[in-house]
file model_27.txt (compact mmCIF, C-alpha atoms)
# COMPACT_ATOMS: atom_id res chain seq x y z
CA MET A 1 0.00 0.00 0.00
CA MET A 2 2.83 2.40 0.80
CA LYS A 3 4.18 2.11 -2.74
CA ILE A 4 0.74 2.93 -4.18
CA ILE A 5 0.43 5.92 -1.84
CA ARG A 6 3.85 7.28 -2.85
CA HIS A 7 2.95 7.02 -6.53
CA GLN A 8 -0.41 8.66 -5.86
CA LEU A 9 1.21 11.60 -4.07
CA TRP A 10 3.75 12.03 -6.84
CA ASN A 11 1.16 11.86 -9.61
CA GLN A 12 -0.87 14.54 -7.84
CA ARG A 13 2.08 16.67 -6.84
CA ARG A 14 0.57 19.81 -8.35
CA GLN A 15 -2.60 19.44 -6.31
CA ASN A 16 -0.54 18.62 -3.21
CA GLY A 17 1.95 21.45 -3.71
CA TRP A 18 0.00 24.22 -1.98
CA ILE A 19 -0.97 22.16 1.04
CA PHE A 20 2.62 20.88 1.29
CA VAL A 21 4.00 24.43 1.34
CA GLU A 22 1.37 25.39 3.91
CA LEU A 23 2.35 22.43 6.10
CA VAL A 24 6.03 23.39 5.94
CA VAL A 25 5.29 26.99 6.94
CA VAL A 26 2.84 26.00 9.66
CA SER A 27 5.26 23.38 11.06
CA PHE A 28 7.90 26.07 11.51
CA PHE A 29 5.43 28.61 12.89
CA LEU A 30 3.76 26.12 15.22
CA TRP A 31 7.11 25.07 16.69
CA THR A 32 7.93 28.68 17.59
CA VAL A 33 4.47 29.07 19.18
CA ILE A 34 4.53 25.83 21.20
CA ASP A 35 8.06 26.41 22.51
CA PRO A 36 7.22 29.32 24.89
CA ILE A 37 4.04 27.49 25.96
CA TYR A 38 6.16 24.46 26.86
CA VAL A 39 8.73 26.54 28.77
CA LEU A 40 6.17 28.60 30.70
CA THR A 41 4.01 25.58 31.50
CA SER A 42 7.05 23.57 32.61
CA ASN A 43 8.21 26.38 34.89
CA LEU A 44 4.74 26.82 36.36
CA ALA A 45 4.58 23.07 37.05
CA ILE A 46 7.74 23.14 39.21
CA ALA A 47 6.95 22.95 42.93
CA PRO A 48 7.19 26.52 44.28
CA GLY A 49 8.71 25.56 47.63
CA TYR A 50 5.94 27.26 49.62
CA ASP A 51 2.23 26.80 50.32
CA GLU A 52 0.03 29.75 49.37
CA GLU A 53 -3.22 28.30 50.71
CA ARG A 54 -4.61 30.20 53.73
CA ALA A 55 -1.61 32.56 53.65
CA TYR A 56 -1.98 36.36 53.78
CA ALA A 57 0.03 39.54 53.58
CA LEU A 58 -1.09 42.56 55.63
CA TYR A 59 -0.46 45.78 53.73
CA MET A 60 0.08 48.91 55.78
CA ASP A 61 0.95 52.45 54.78
CA TYR A 62 2.36 55.40 56.71
CA TYR A 63 1.25 59.01 57.00
CA ASP A 64 3.98 61.37 55.89
CA GLU A 65 4.56 64.96 56.94
CA GLN A 66 2.29 66.30 54.20
CA HIS A 67 -0.73 64.33 55.42
CA GLY A 68 -3.24 65.84 57.82
CA ASN A 69 -3.18 62.77 60.09
CA TYR A 70 0.59 62.80 60.49
CA ASP A 71 1.74 62.72 64.13
CA LYS A 72 5.33 63.89 64.56
CA SER A 73 5.55 62.49 68.09
CA GLN A 74 5.04 58.96 66.63
CA ASP A 75 7.81 59.28 64.06
CA SER A 76 10.91 58.30 66.02
CA THR A 77 12.64 55.02 65.18
CA ALA A 78 11.91 53.46 68.59
CA ILE A 79 8.20 54.35 68.47
CA LYS A 80 7.86 53.09 64.89
CA GLN A 81 9.40 49.80 65.99
CA GLU A 82 7.02 49.47 68.92
CA ASN A 83 4.00 50.39 66.78
CA LEU A 84 4.94 47.75 64.24
CA TYR A 85 5.27 45.15 67.03
CA ARG A 86 1.85 46.20 68.30
CA ILE A 87 0.34 45.57 64.86
CA THR A 88 2.08 42.19 64.80
CA ARG A 89 0.53 41.27 68.16
CA LEU A 90 -2.93 42.21 66.93
CA VAL A 91 -2.56 39.74 64.07
CA LYS A 92 -1.00 37.08 66.30
CA ASN A 93 -3.88 37.25 68.77
CA CYS A 94 -6.55 36.53 66.17
CA PRO A 95 -7.97 33.10 67.09
CA GLU A 96 -8.01 32.01 63.42
CA VAL A 97 -4.28 32.67 62.91
CA GLU A 98 -2.02 29.62 63.00
CA SER A 99 1.34 31.35 62.53
CA PHE A 100 2.75 34.72 61.52
CA ALA A 101 5.98 36.29 60.36
CA LEU A 102 7.28 39.85 60.39
CA VAL A 103 9.30 40.20 57.19
CA THR A 104 10.60 42.85 54.81
CA ASN A 105 8.35 43.84 51.92
CA ALA A 106 10.58 41.91 49.49
CA SER A 107 10.46 38.70 51.52
CA PHE A 108 7.39 36.83 50.37
CA PRO A 109 6.53 35.11 47.08
CA ASN A 110 5.34 37.07 44.03
CA CYS A 111 5.64 40.41 45.81
CA ASN A 112 6.41 43.59 43.87
CA SER A 113 9.93 43.84 45.27
CA TRP A 114 13.13 41.87 44.92
CA ASN A 115 16.20 41.95 47.14
CA GLY A 116 19.46 40.10 46.70
CA GLY A 117 23.21 40.20 46.84
CA GLU A 118 26.44 38.27 46.44
CA TYR A 119 27.36 35.63 48.99
CA PHE A 120 30.61 33.77 49.56
CA ASN A 121 32.18 30.81 51.21
CA ASP A 122 35.97 30.69 51.24
CA THR A 123 36.42 30.54 47.46
CA ILE A 124 33.04 30.56 45.69
CA LYS A 125 30.70 33.49 45.02
CA VAL A 126 27.01 33.20 44.17
CA HIS A 127 24.20 35.66 43.62
CA SER A 128 21.12 35.02 45.72
CA GLN A 129 17.65 36.26 46.57
CA TYR A 130 17.60 37.59 50.15
CA TYR A 131 14.74 37.31 52.66
CA GLN A 132 14.85 38.95 56.08
CA PHE A 133 12.69 37.66 58.93
CA ILE A 134 12.29 39.16 62.41
CA GLN A 135 11.95 36.42 65.01
CA THR A 136 9.66 38.17 67.46
CA GLU A 137 7.00 36.94 69.88
CA GLY A 138 6.67 33.47 68.43
CA GLY A 139 6.86 34.37 64.76
CA ASP A 140 7.81 31.56 62.37
CA VAL A 141 8.43 32.31 58.70
CA PHE A 142 8.69 28.63 57.73
CA ARG A 143 5.29 27.62 59.12
CA THR A 144 3.75 30.78 57.70
CA PHE A 145 5.12 30.23 54.19
CA GLY A 146 4.98 26.42 54.30
CA MET A 147 8.71 26.02 53.59
CA LYS A 148 10.08 22.50 54.01
CA ASP A 149 13.38 21.01 55.06
CA ALA A 150 15.28 19.64 52.07
CA LYS A 151 16.31 16.50 53.93
CA SER A 152 13.20 15.48 55.88
CA GLY A 153 10.48 17.04 53.72
CA GLU A 154 8.80 18.40 56.87
CA ILE A 155 8.17 22.06 57.68
CA MET A 156 11.54 23.60 58.59
CA SER A 157 12.00 24.00 62.32
CA LEU A 158 13.20 27.32 63.68
CA PRO A 159 15.75 27.04 66.51
CA GLU A 160 15.01 29.50 69.29
CA ASP A 161 18.59 30.78 69.37
CA CYS A 162 19.14 31.11 65.62
CA ALA A 163 18.74 34.90 65.73
CA ALA A 164 21.27 35.23 68.55
CA ARG A 165 23.67 33.02 66.61
CA GLU A 166 23.14 35.13 63.47
CA GLY A 167 21.98 32.04 61.68
CA VAL A 168 20.84 31.85 58.08
CA PHE A 169 18.89 29.32 56.02
CA VAL A 170 19.64 28.58 52.38
CA SER A 171 17.83 26.78 49.56
CA GLU A 172 19.02 23.51 48.03
CA ARG A 173 20.17 25.32 44.90
CA MET A 174 22.28 27.78 46.87
CA ALA A 175 23.77 25.05 49.07
CA ASN A 176 24.81 23.11 45.97
CA ASP A 177 26.27 26.20 44.30
CA LEU A 178 28.23 27.27 47.39
CA PHE A 179 29.25 23.96 48.92
CA GLY A 180 28.59 21.33 46.27
CA THR A 181 26.14 19.52 48.56
CA THR A 182 22.81 20.03 50.28
CA ASP A 183 24.36 18.77 53.53
CA ALA A 184 25.41 22.31 54.43
CA VAL A 185 24.20 22.69 58.03
CA GLY A 186 27.00 24.14 60.15
CA LYS A 187 28.91 25.59 57.21
CA LYS A 188 29.68 29.31 56.97
CA VAL A 189 28.55 31.93 54.47
CA ARG A 190 29.25 35.66 54.35
CA TYR A 191 27.88 38.71 52.59
CA TYR A 192 30.65 40.84 51.02
CA ASP A 193 33.02 41.78 53.87
CA SER A 194 30.64 41.07 56.74
CA THR A 195 31.18 38.42 59.35
CA TYR A 196 30.43 34.80 58.57
CA HIS A 197 26.96 33.41 59.28
CA GLU A 198 26.23 29.83 60.18
CA VAL A 199 23.92 27.81 57.94
CA MET A 200 21.27 26.42 60.27
CA GLY A 201 19.08 24.70 57.70
CA VAL A 202 18.66 23.87 54.01
CA LEU A 203 15.24 24.46 52.45
CA GLN A 204 13.66 22.75 49.49
CA ASP A 205 14.12 24.69 46.26
CA TYR A 206 12.05 27.87 46.22
CA LYS A 207 10.57 30.13 43.53
CA HIS A 208 10.25 33.82 44.32
CA ARG A 209 8.26 34.30 41.10
CA ILE A 210 5.72 31.67 40.10
CA ASN A 211 6.76 31.67 36.41
CA GLU A 212 10.46 31.33 37.18
CA GLN A 213 12.57 28.34 38.06
CA PRO A 214 13.83 27.86 41.62
CA GLY A 215 16.82 30.06 42.32
CA ASN A 216 19.21 30.75 45.16
CA LEU A 217 17.57 31.91 48.38
CA LEU A 218 19.05 32.98 51.69
CA ILE A 219 16.86 33.76 54.71
CA GLU A 220 18.43 35.82 57.47
CA VAL A 221 16.86 35.68 60.93
CA ASP A 222 17.12 38.76 63.15
CA SER A 223 16.06 39.08 66.78
CA LYS A 224 14.71 42.62 66.37
CA ILE A 225 13.99 45.25 63.77
CA PRO A 226 17.22 47.07 62.86
CA GLY A 227 17.20 50.79 63.50
CA TYR A 228 16.66 51.82 59.89
CA LYS A 229 15.14 55.19 59.11
CA TRP A 230 12.58 53.69 56.71
CA ILE A 231 11.14 51.02 58.99
CA GLN A 232 7.61 51.92 57.93
CA ARG A 233 8.44 51.27 54.26
CA MET A 234 10.40 48.07 54.76
CA TYR A 235 8.46 45.72 57.04
CA MET A 236 5.10 44.00 56.91
CA VAL A 237 3.19 41.18 58.60
CA THR A 238 2.37 37.89 56.90
CA PHE A 239 0.30 35.13 58.47
CA ARG A 240 -1.42 31.78 57.87
CA LEU A 241 -4.87 30.69 59.01
CA LYS A 242 -5.59 27.47 60.84
CA PRO A 243 -7.00 24.53 58.84
CA ASN A 244 -10.77 24.44 58.35
CA VAL A 245 -11.18 28.17 59.02
CA ASP A 246 -14.00 29.76 57.05
CA VAL A 247 -11.94 32.20 54.98
CA ALA A 248 -14.83 34.44 53.98
CA ALA A 249 -16.07 34.70 57.57
CA PHE A 250 -12.57 35.45 58.82
CA GLU A 251 -12.00 38.24 56.31
CA LYS A 252 -15.35 39.79 57.17
CA ARG A 253 -14.62 39.68 60.90
CA PHE A 254 -11.04 40.88 60.43
CA LYS A 255 -12.11 43.96 58.49
CA ALA A 256 -14.88 44.76 60.95
CA GLU A 257 -13.08 44.14 64.23
CA VAL A 258 -9.31 44.12 63.71
CA VAL A 259 -8.73 46.67 60.95
CA PRO A 260 -9.90 49.66 63.06
CA GLN A 261 -7.25 48.72 65.65
CA LEU A 262 -4.48 48.64 63.03
CA ASN A 263 -4.34 52.43 62.76
CA VAL A 264 -1.43 52.73 65.18
CA GLY A 265 0.61 55.93 65.31
CA ASN A 266 1.22 56.93 61.70
CA PHE A 267 0.57 53.38 60.44
CA TYR A 268 -2.76 52.67 58.76
CA PHE A 269 -4.29 49.66 57.09
CA THR A 270 -4.59 49.55 53.27
CA LYS A 271 -5.54 45.99 52.31
CA LEU A 272 -5.41 42.31 53.17
CA GLY A 273 -3.93 40.24 50.36
CA ARG A 274 -4.21 36.49 49.92
CA PHE A 275 -1.04 34.86 48.59
CA THR A 276 -3.16 33.31 45.81
CA ASP A 277 -4.45 36.72 44.73
CA ILE A 278 -0.96 38.22 44.91
CA ARG A 279 0.29 35.43 42.65
CA ARG A 280 -2.53 35.94 40.13
CA LYS A 281 -1.92 39.69 40.12
CA TYR A 282 1.76 39.11 39.42
CA GLU A 283 0.92 36.71 36.58
CA ASN A 284 -1.30 39.34 34.99
CA GLU A 285 1.03 42.30 35.49
CA SER A 286 4.18 40.44 34.42
CA GLY A 287 2.57 39.21 31.21
CA VAL A 288 2.54 35.50 32.07
CA THR A 289 -1.21 35.16 31.55
CA ASN A 290 -1.27 37.30 28.40
CA THR A 291 1.71 35.47 26.93
CA LEU A 292 -0.01 32.11 27.33
CA ARG A 293 -3.25 33.49 25.88
CA LEU A 294 -1.43 34.94 22.89
CA GLN A 295 0.52 31.75 22.21
CA TYR A 296 -2.63 29.61 22.50
CA SER A 297 -4.44 31.96 20.10
CA LEU A 298 -1.60 31.84 17.56
CA ALA A 299 -1.42 28.05 17.83
CA GLY A 300 -5.18 27.79 17.39
CA PHE A 301 -5.08 30.01 14.30
CA ALA A 302 -2.28 27.97 12.73
CA LEU A 303 -4.08 24.70 13.41
CA LEU A 304 -7.34 26.08 12.02
CA CYS A 305 -5.51 26.97 8.80
CA VAL A 306 -4.12 23.44 8.58
CA PHE A 307 -7.52 21.90 9.30
CA LEU A 308 -9.29 23.96 6.63
CA GLY A 309 -6.47 23.36 4.17
CA MET A 310 -6.59 19.60 4.65
CA VAL A 311 -10.39 19.52 4.41
CA GLY A 312 -10.37 21.53 1.19
CA THR A 313 -7.52 19.61 -0.39
CA PHE A 314 -8.89 16.17 0.33
CA TRP A 315 -12.44 17.19 -0.53
CA ILE A 316 -11.26 18.20 -3.99
CA ARG A 317 -9.03 15.14 -4.22
CA CYS A 318 -11.85 12.79 -3.25
CA ASN A 319 -14.19 14.32 -5.84
CA ALA A 320 -11.49 14.05 -8.50
CA ARG A 321 -10.81 10.42 -7.60
CA ARG A 322 -14.39 9.20 -7.35
CA GLN A 323 -13.82 6.79 -10.21
CA ASP A 324 -10.76 5.35 -8.45
CA ILE A 325 -12.75 5.00 -5.26
CA GLY A 326 -15.58 3.40 -7.23
CA LEU A 327 -13.18 0.86 -8.78
CA MET A 328 -11.76 0.05 -5.34
CA ARG A 329 -15.27 -0.44 -3.94
CA SER A 330 -16.33 -2.62 -6.89
CA MET A 331 -13.28 -4.81 -6.34
CA GLY A 332 -14.24 -5.40 -2.72
CA ALA A 333 -12.40 -2.64 -0.89
CA THR A 334 -14.07 -1.68 2.39
CA GLN A 335 -14.84 1.82 3.57
CA LYS A 336 -12.26 1.39 6.30
CA GLY A 337 -9.59 0.33 3.84
CA ILE A 338 -10.22 3.33 1.59
CA CYS A 339 -10.21 5.72 4.57
CA ASN A 340 -6.96 4.23 5.82
CA GLN A 341 -5.30 4.74 2.43
CA PHE A 342 -6.25 8.40 2.31
CA LEU A 343 -5.25 8.91 5.94
CA MET A 344 -1.89 7.32 5.15
CA GLU A 345 -1.48 9.82 2.32
CA ALA A 346 -2.18 12.66 4.75
CA TRP A 347 0.24 11.19 7.30
CA LEU A 348 3.01 10.90 4.70
CA LEU A 349 2.38 14.44 3.47
CA VAL A 350 2.53 15.88 6.99
CA THR A 351 5.61 13.86 7.92
CA ILE A 352 7.59 14.93 4.85
CA ALA A 353 6.58 18.57 5.33
CA PHE A 354 7.56 18.49 9.00
CA ILE A 355 10.97 16.98 8.19
CA VAL A 356 11.54 19.65 5.54
CA SER A 357 10.73 22.37 8.11
CA LEU A 358 13.20 21.07 10.72
CA PRO A 359 16.35 22.66 9.19
CA LEU A 360 14.58 26.03 9.25
CA THR A 361 13.56 25.47 12.87
CA ILE A 362 17.07 24.39 13.89
CA HIS A 363 18.56 27.48 12.24
CA ARG A 364 16.07 29.72 14.01
CA VAL A 365 16.65 28.29 17.48
CA TYR A 366 20.42 28.26 16.99
CA MET A 367 20.48 31.94 15.99
CA SER A 368 18.34 32.83 19.01
CA GLY A 369 20.89 31.29 21.40
CA PHE A 370 18.63 28.41 22.26
CA ALA A 371 21.50 25.91 22.33
CA ASN A 372 23.48 27.90 24.90
CA PRO A 373 22.74 27.05 28.56
CA THR A 374 21.24 30.02 30.38
CA GLU A 375 23.11 31.63 33.26
CA ASN A 376 20.58 30.42 35.81
CA GLY A 377 19.52 27.28 34.00
CA ASN A 378 19.34 24.21 36.18
CA PRO A 379 20.26 21.21 34.00
CA ASP A 380 17.99 18.99 36.09
CA TYR A 381 14.99 20.50 34.28
CA TRP A 382 14.23 19.28 30.76
CA GLN A 383 13.50 22.79 29.50
CA ASN A 384 17.13 23.68 30.25
CA GLN A 385 18.58 20.73 28.31
CA PRO A 386 18.86 21.93 24.67
CA TYR A 387 18.58 18.56 22.93
CA THR A 388 15.84 17.23 25.19
CA HIS A 389 14.00 20.55 25.01
CA PHE A 390 14.16 20.60 21.20
CA SER A 391 13.05 16.98 20.95
CA ILE A 392 10.05 17.43 23.26
CA VAL A 393 8.80 20.56 21.49
CA SER A 394 9.33 18.92 18.08
CA ILE A 395 7.38 15.83 19.08
CA LEU A 396 4.55 17.94 20.51
CA THR A 397 4.44 20.04 17.34
CA TYR A 398 4.42 16.99 15.06
CA VAL A 399 1.74 15.14 17.04
CA ILE A 400 -0.59 18.16 17.24
CA LEU A 401 -0.09 18.97 13.56
CA LEU A 402 -0.69 15.36 12.55
CA VAL A 403 -3.86 15.02 14.63
CA ILE A 404 -5.36 18.17 13.11
CA ALA A 405 -4.37 17.09 9.59
CA LEU A 406 -5.93 13.65 10.05
CA LEU A 407 -9.11 15.18 11.43
CA GLY A 408 -9.28 17.48 8.43
CA THR A 409 -8.80 14.50 6.11
CA TYR A 410 -11.21 12.13 7.79
CA ALA A 411 -14.46 13.99 7.04
CA PRO A 412 -14.22 14.21 3.20
CA VAL A 413 -12.68 10.75 2.90
CA THR A 414 -15.40 9.11 4.98
CA ARG A 415 -18.05 10.79 2.86
CA ALA A 416 -16.45 9.65 -0.41
CA ALA A 417 -15.86 6.08 0.81
CA LYS A 418 -19.55 5.55 1.59
CA ILE A 419 -20.32 4.93 -2.09
CA LEU A 420 -22.08 1.60 -2.62
CA PRO A 421 -20.44 -1.12 -4.78
CA ALA A 422 -23.32 -1.08 -7.32
CA GLU A 423 -23.10 2.70 -7.62
CA ALA A 424 -19.34 2.37 -7.87
CA CYS A 425 -19.67 0.07 -10.91
CA LEU A 426 -21.98 2.52 -12.70
CA LEU A 427 -19.65 5.40 -11.78
CA TYR A 428 -16.62 3.59 -13.12
CA THR A 429 -18.29 2.54 -16.43
CA SER A 430 -19.88 5.93 -17.09
CA PRO A 431 -17.81 8.39 -19.13
CA SER A 432 -16.08 11.16 -17.28
CA PRO A 433 -16.73 14.81 -18.12
CA ARG A 434 -13.34 14.96 -19.79
CA ASP A 435 -14.19 11.96 -22.03
CA MET A 436 -17.50 13.54 -22.95
CA ARG A 437 -15.79 16.73 -24.01
CA ARG A 438 -13.31 14.77 -26.14
CA SER A 439 -16.12 12.86 -27.86
CA ARG A 440 -17.68 16.11 -28.97

call {"tool": "encode", "arguments": {"input": "model_27.txt", "output": "structure tokens"}}
result
Amino acid sequence: MMKIIRHQLWNQRRQNGWIFVELVVVSFFLWTVIDPIYVLTSNLAIAPGYDEERAYALYMDYYDEQHGNYDKSQDSTAIKQENLYRITRLVKNCPEVESFALVTNASFPNCNSWNGGEYFNDTIKVHSQYYQFIQTEGGDVFRTFGMKDAKSGEIMSLPEDCAAREGVFVSERMANDLFGTTDAVGKKVRYYDSTYHEVMGVLQDYKHRINEQPGNLLIEVDSKIPGYKWIQRMYMVTFRLKPNVDVAAFEKRFKAEVVPQLNVGNFYFTKLGRFTDIRRKYENESGVTNTLRLQYSLAGFALLCVFLGMVGTFWIRCNARRQDIGLMRSMGATQKGICNQFLMEAWLLVTIAFIVSLPLTIHRVYMSGFANPTENGNPDYWQNQPYTHFSIVSILTYVILLVIALLGTYAPVTRAAKILPAEACLLYTSPSPRDMRRSR
């Protein structure tokens, strides 16, 4: 059958030419559309290293000197510290709150800020995201964020004396980059020319941005708020609710009963943000959501073109080959056999077109630097392995293209193959329009 199909495709090469060119162009275009979908989806599928369910961030603002409610007597560093602790206690004392953490405004996932620096052991330097946590009055950043120990898989425990010992916690990725192992507890790390800090725990890999891959993370634990001038701009309270708490009822009660008490000194409440909503807002503002929508739309348009092209081509082909189909039916060919032959023709056409498009695709991805490992690329992920990445996207492109092409072929072929054997005999013995014209 394959030999017959090859001859058939060659004999009808003029009719197949346009759809073949379309398939080559669409194969190249579809690959470039599916590639960012694959990368973004793969990154989103990586475990974030935290648990956003039932987790909140409390947003506060601060009256400045130009505001009518500004109180100069509440603007000293010591009073601002105490007012911030008072706000923290108000959150802590809510019966629905399981845990809380006083952190800097760049120290929770998908926030608007980012803070980092260069960290060293004796010989190696790495760049890392930096989180700062104030261990005050029972606060626990690990329980609040749902961060887990890399070794045990349980929520990371927070030693009571870690702040006094100037302890830090690092992610698996950072431990491997600095020390070549995740067994880094007790090792030393320093920031520029500062004193060395002891590593007191290694966390599972963590993503600061949901669409990114896990990167280096260092969490510094302090026993009190440093005496910075801009305390009111730097720190905020995060917390997690207990299991089985009615979230809607809590938020209603919190806004009615707790929010009025949060106006302390020059601090005032602005909003209560769920971690899930913060993540969705980041996805929208950073273009993650729009990028996926655009790529899906482009892929859908390309596949629609292929589908309509295959339907039109095989509809015309089936009408032109009705006598051939009639002869096959009169000789005992089944509908299924005829459909399979035409579907094999479509498969061969798509396969050849896709193979022809591959050199163009390879040239494109090579010129874009695709084959070069990224600076922060973790080779453990398939999307960071050039050959594996290219193979996966190519297979996805080919399979999707083939399925759409076969669907576009199936409808006209099924219709044409339904001709009855008796009708097929009459069709085959009757003169064709071309023969009738010649006889005239």

call {"tool": "residues_around", "arguments": {"input": "model_27.txt", "residues": "Ser99 (chain A)", "least_positions_apart": "3", "cutoff": "10 Å", "atoms": "all atoms listed in the file", "output": "PyMOL selection string"}}
result
chain A and resi 55+91-92+96+138-145+238-242

call {"tool": "residues_around", "arguments": {"input": "model_27.txt", "residues": "region 65-73 of chain A", "least_positions_apart": "5", "cutoff": "10 Å", "atoms": "all atoms listed in the file", "output": "PyMOL selection string"}}
result
chain A and resi 79+265-267

call {"tool": "write_last_selection", "arguments": {"input": "model_27.txt", "atoms": "C-alpha atoms", "output": "mmCIF file, keeping the file's coordinate frame"}}
result
data_model
loop_
_atom_site.group_PDB
_atom_site.id
_atom_site.type_symbol
_atom_site.label_atom_id
_atom_site.label_comp_id
_atom_site.auth_asym_id
_atom_site.auth_seq_id
_atom_site.Cartn_x
_atom_site.Cartn_y
_atom_site.Cartn_z
ATOM 1 C CA ILE A 79 8.200 54.350 68.470
ATOM 2 C CA GLY A 265 0.610 55.930 65.310
ATOM 3 C CA ASN A 266 1.220 56.930 61.700
ATOM 4 C CA PHE A 267 0.570 53.380 60.440
#

call {"tool": "atom_distance", "arguments": {"input": "model_27.txt", "atom1": "CA of Val221 (chain A)", "atom2": "CA of Tyr85 (chain A)"}}
result
16.2 Å

call {"tool": "closest_residue", "arguments": {"input": "model_27.txt", "among": "A:Gly116, A:Pro359, A:Pro48, A:Pro412", "to": "Asn216 (chain A)", "atoms": "all atoms listed in the file"}}
result
A:Gly116

call {"tool": "atom_distance", "arguments": {"input": "model_27.txt", "atom1": "CA of Thr182 (chain A)", "atom2": "CA of Asn121 (chain A)"}}
result
14.3 Å

call {"tool": "closest_residue", "arguments": {"input": "model_27.txt", "among": "A:Ala346, A:Ala256, A:Leu406, A:Met174", "to": "Gly215 (chain A)", "atoms": "only C-alpha atoms"}}
result
A:Met174

call {"tool": "residues_around", "arguments": {"input": "model_27.txt", "residues": "Glu52 (chain A)", "least_positions_apart": "5", "cutoff": "10 Å", "atoms": "all atoms listed in the file", "output": "MDAnalysis selection string"}}
result
chainID A and resid 109 144:146 240 274:279

call {"tool": "write_last_selection", "arguments": {"input": "model_27.txt", "atoms": "C-alpha atoms", "output": "tab-separated table (two decimals), keeping the file's coordinate frame"}}
result
chain	number	residue	atom	x	y	z
A	109	PRO	CA	6.53	35.11	47.08
A	144	THR	CA	3.75	30.78	57.70
A	145	PHE	CA	5.12	30.23	54.19
A	146	GLY	CA	4.98	26.42	54.30
A	240	ARG	CA	-1.42	31.78	57.87
A	274	ARG	CA	-4.21	36.49	49.92
A	275	PHE	CA	-1.04	34.86	48.59
A	276	THR	CA	-3.16	33.31	45.81
A	277	ASP	CA	-4.45	36.72	44.73
A	278	ILE	CA	-0.96	38.22	44.91
A	279	ARG	CA	0.29	35.43	42.65

call {"tool": "residues_around", "arguments": {"input": "model_27.txt", "residues": "Glu220 (chain A)", "least_positions_apart": "3", "cutoff": "7 Å", "atoms": "only C-alpha atoms", "output": "PDB file with C-alpha atoms, in the coordinates of the input"}}
result
ATOM      1  CA  TYR A 131      14.740  37.310  52.660  1.00  0.00           C
ATOM      2  CA  GLN A 132      14.850  38.950  56.080  1.00  0.00           C
ATOM      3  CA  PHE A 133      12.690  37.660  58.930  1.00  0.00           C
ATOM      4  CA  GLY A 167      21.980  32.040  61.680  1.00  0.00           C
ATOM      5  CA  VAL A 168      20.840  31.850  58.080  1.00  0.00           C
ATOM      6  CA  PHE A 169      18.890  29.320  56.020  1.00  0.00           C
TER       7      PHE A 169
END

call {"tool": "closest_residue", "arguments": {"input": "model_27.txt", "among": "A:Met60, A:Glu82, A:Ile219, A:Val202", "to": "Ser107 (chain A)", "atoms": "all atoms listed in the file"}}
result
A:Ile219

call {"tool": "atom_distance", "arguments": {"input": "model_27.txt", "atom1": "CA of Gln295 (chain A)", "atom2": "CA of Cys111 (chain A)"}}
result
25.7 Å

call {"tool": "closest_residue", "arguments": {"input": "model_27.txt", "among": "A:Thr136, A:Thr409, A:Gln232, A:Thr270", "to": "Thr104 (chain A)", "atoms": "only C-alpha atoms"}}
result
A:Gln232

call {"tool": "closest_residue", "arguments": {"input": "model_27.txt", "among": "A:Asn211, A:Gln81, A:Asn43, A:Ser286", "to": "Gly227 (chain A)", "atoms": "only C-alpha atoms"}}
result
A:Gln81

call {"tool": "closest_residue", "arguments": {"input": "model_27.txt", "among": "A:Val103, A:Ala353, A:Val185, A:Ala175", "to": "Phe120 (chain A)", "atoms": "all atoms listed in the file"}}
result
A:Ala175

call {"tool": "residues_around", "arguments": {"input": "model_27.txt", "residues": "Leu40 (chain A)", "least_positions_apart": "4", "cutoff": "10 Å", "atoms": "all atoms listed in the file", "output": "ChimeraX atom specification"}}
result
/A:35-36,44-45,210-213,288-289,291-292,383

call {"tool": "decode", "arguments": {"input": "model_27.txt", "residues": "region 204-212 of chain A", "atoms": "N, CA and C atoms", "output": "CSV table (one decimal), in the first residue's frame"}}
result
chain,number,residue,atom,x,y,z
A,204,GLN,N,13.9,23.2,50.8
A,204,GLN,CA,13.7,22.7,49.5
A,204,GLN,C,13.7,23.9,48.5
A,205,ASP,N,14.0,23.6,47.3
A,205,ASP,CA,14.1,24.7,46.3
A,205,ASP,C,12.9,25.6,46.3
A,206,TYR,N,13.1,26.9,46.0
A,206,TYR,CA,12.0,27.9,46.2
A,206,TYR,C,12.0,28.8,45.0
A,207,LYS,N,10.8,29.2,44.6
A,207,LYS,CA,10.6,30.1,43.5
A,207,LYS,C,10.0,31.4,44.1
A,208,HIS,N,10.8,32.5,43.9
A,208,HIS,CA,10.3,33.8,44.3
A,208,HIS,C,9.2,34.3,43.4
A,209,ARG,N,9.3,34.0,42.1
A,209,ARG,CA,8.3,34.3,41.1
A,209,ARG,C,7.7,33.0,40.6
A,210,ILE,N,6.4,32.9,40.4
A,210,ILE,CA,5.7,31.7,40.1
A,210,ILE,C,6.1,31.2,38.7
A,211,ASN,N,6.4,32.1,37.8
A,211,ASN,CA,6.8,31.7,36.4
A,211,ASN,C,8.2,31.4,36.2
A,212,GLU,N,9.0,31.6,37.3
A,212,GLU,CA,10.5,31.3,37.2
A,212,GLU,C,10.8,30.0,37.7
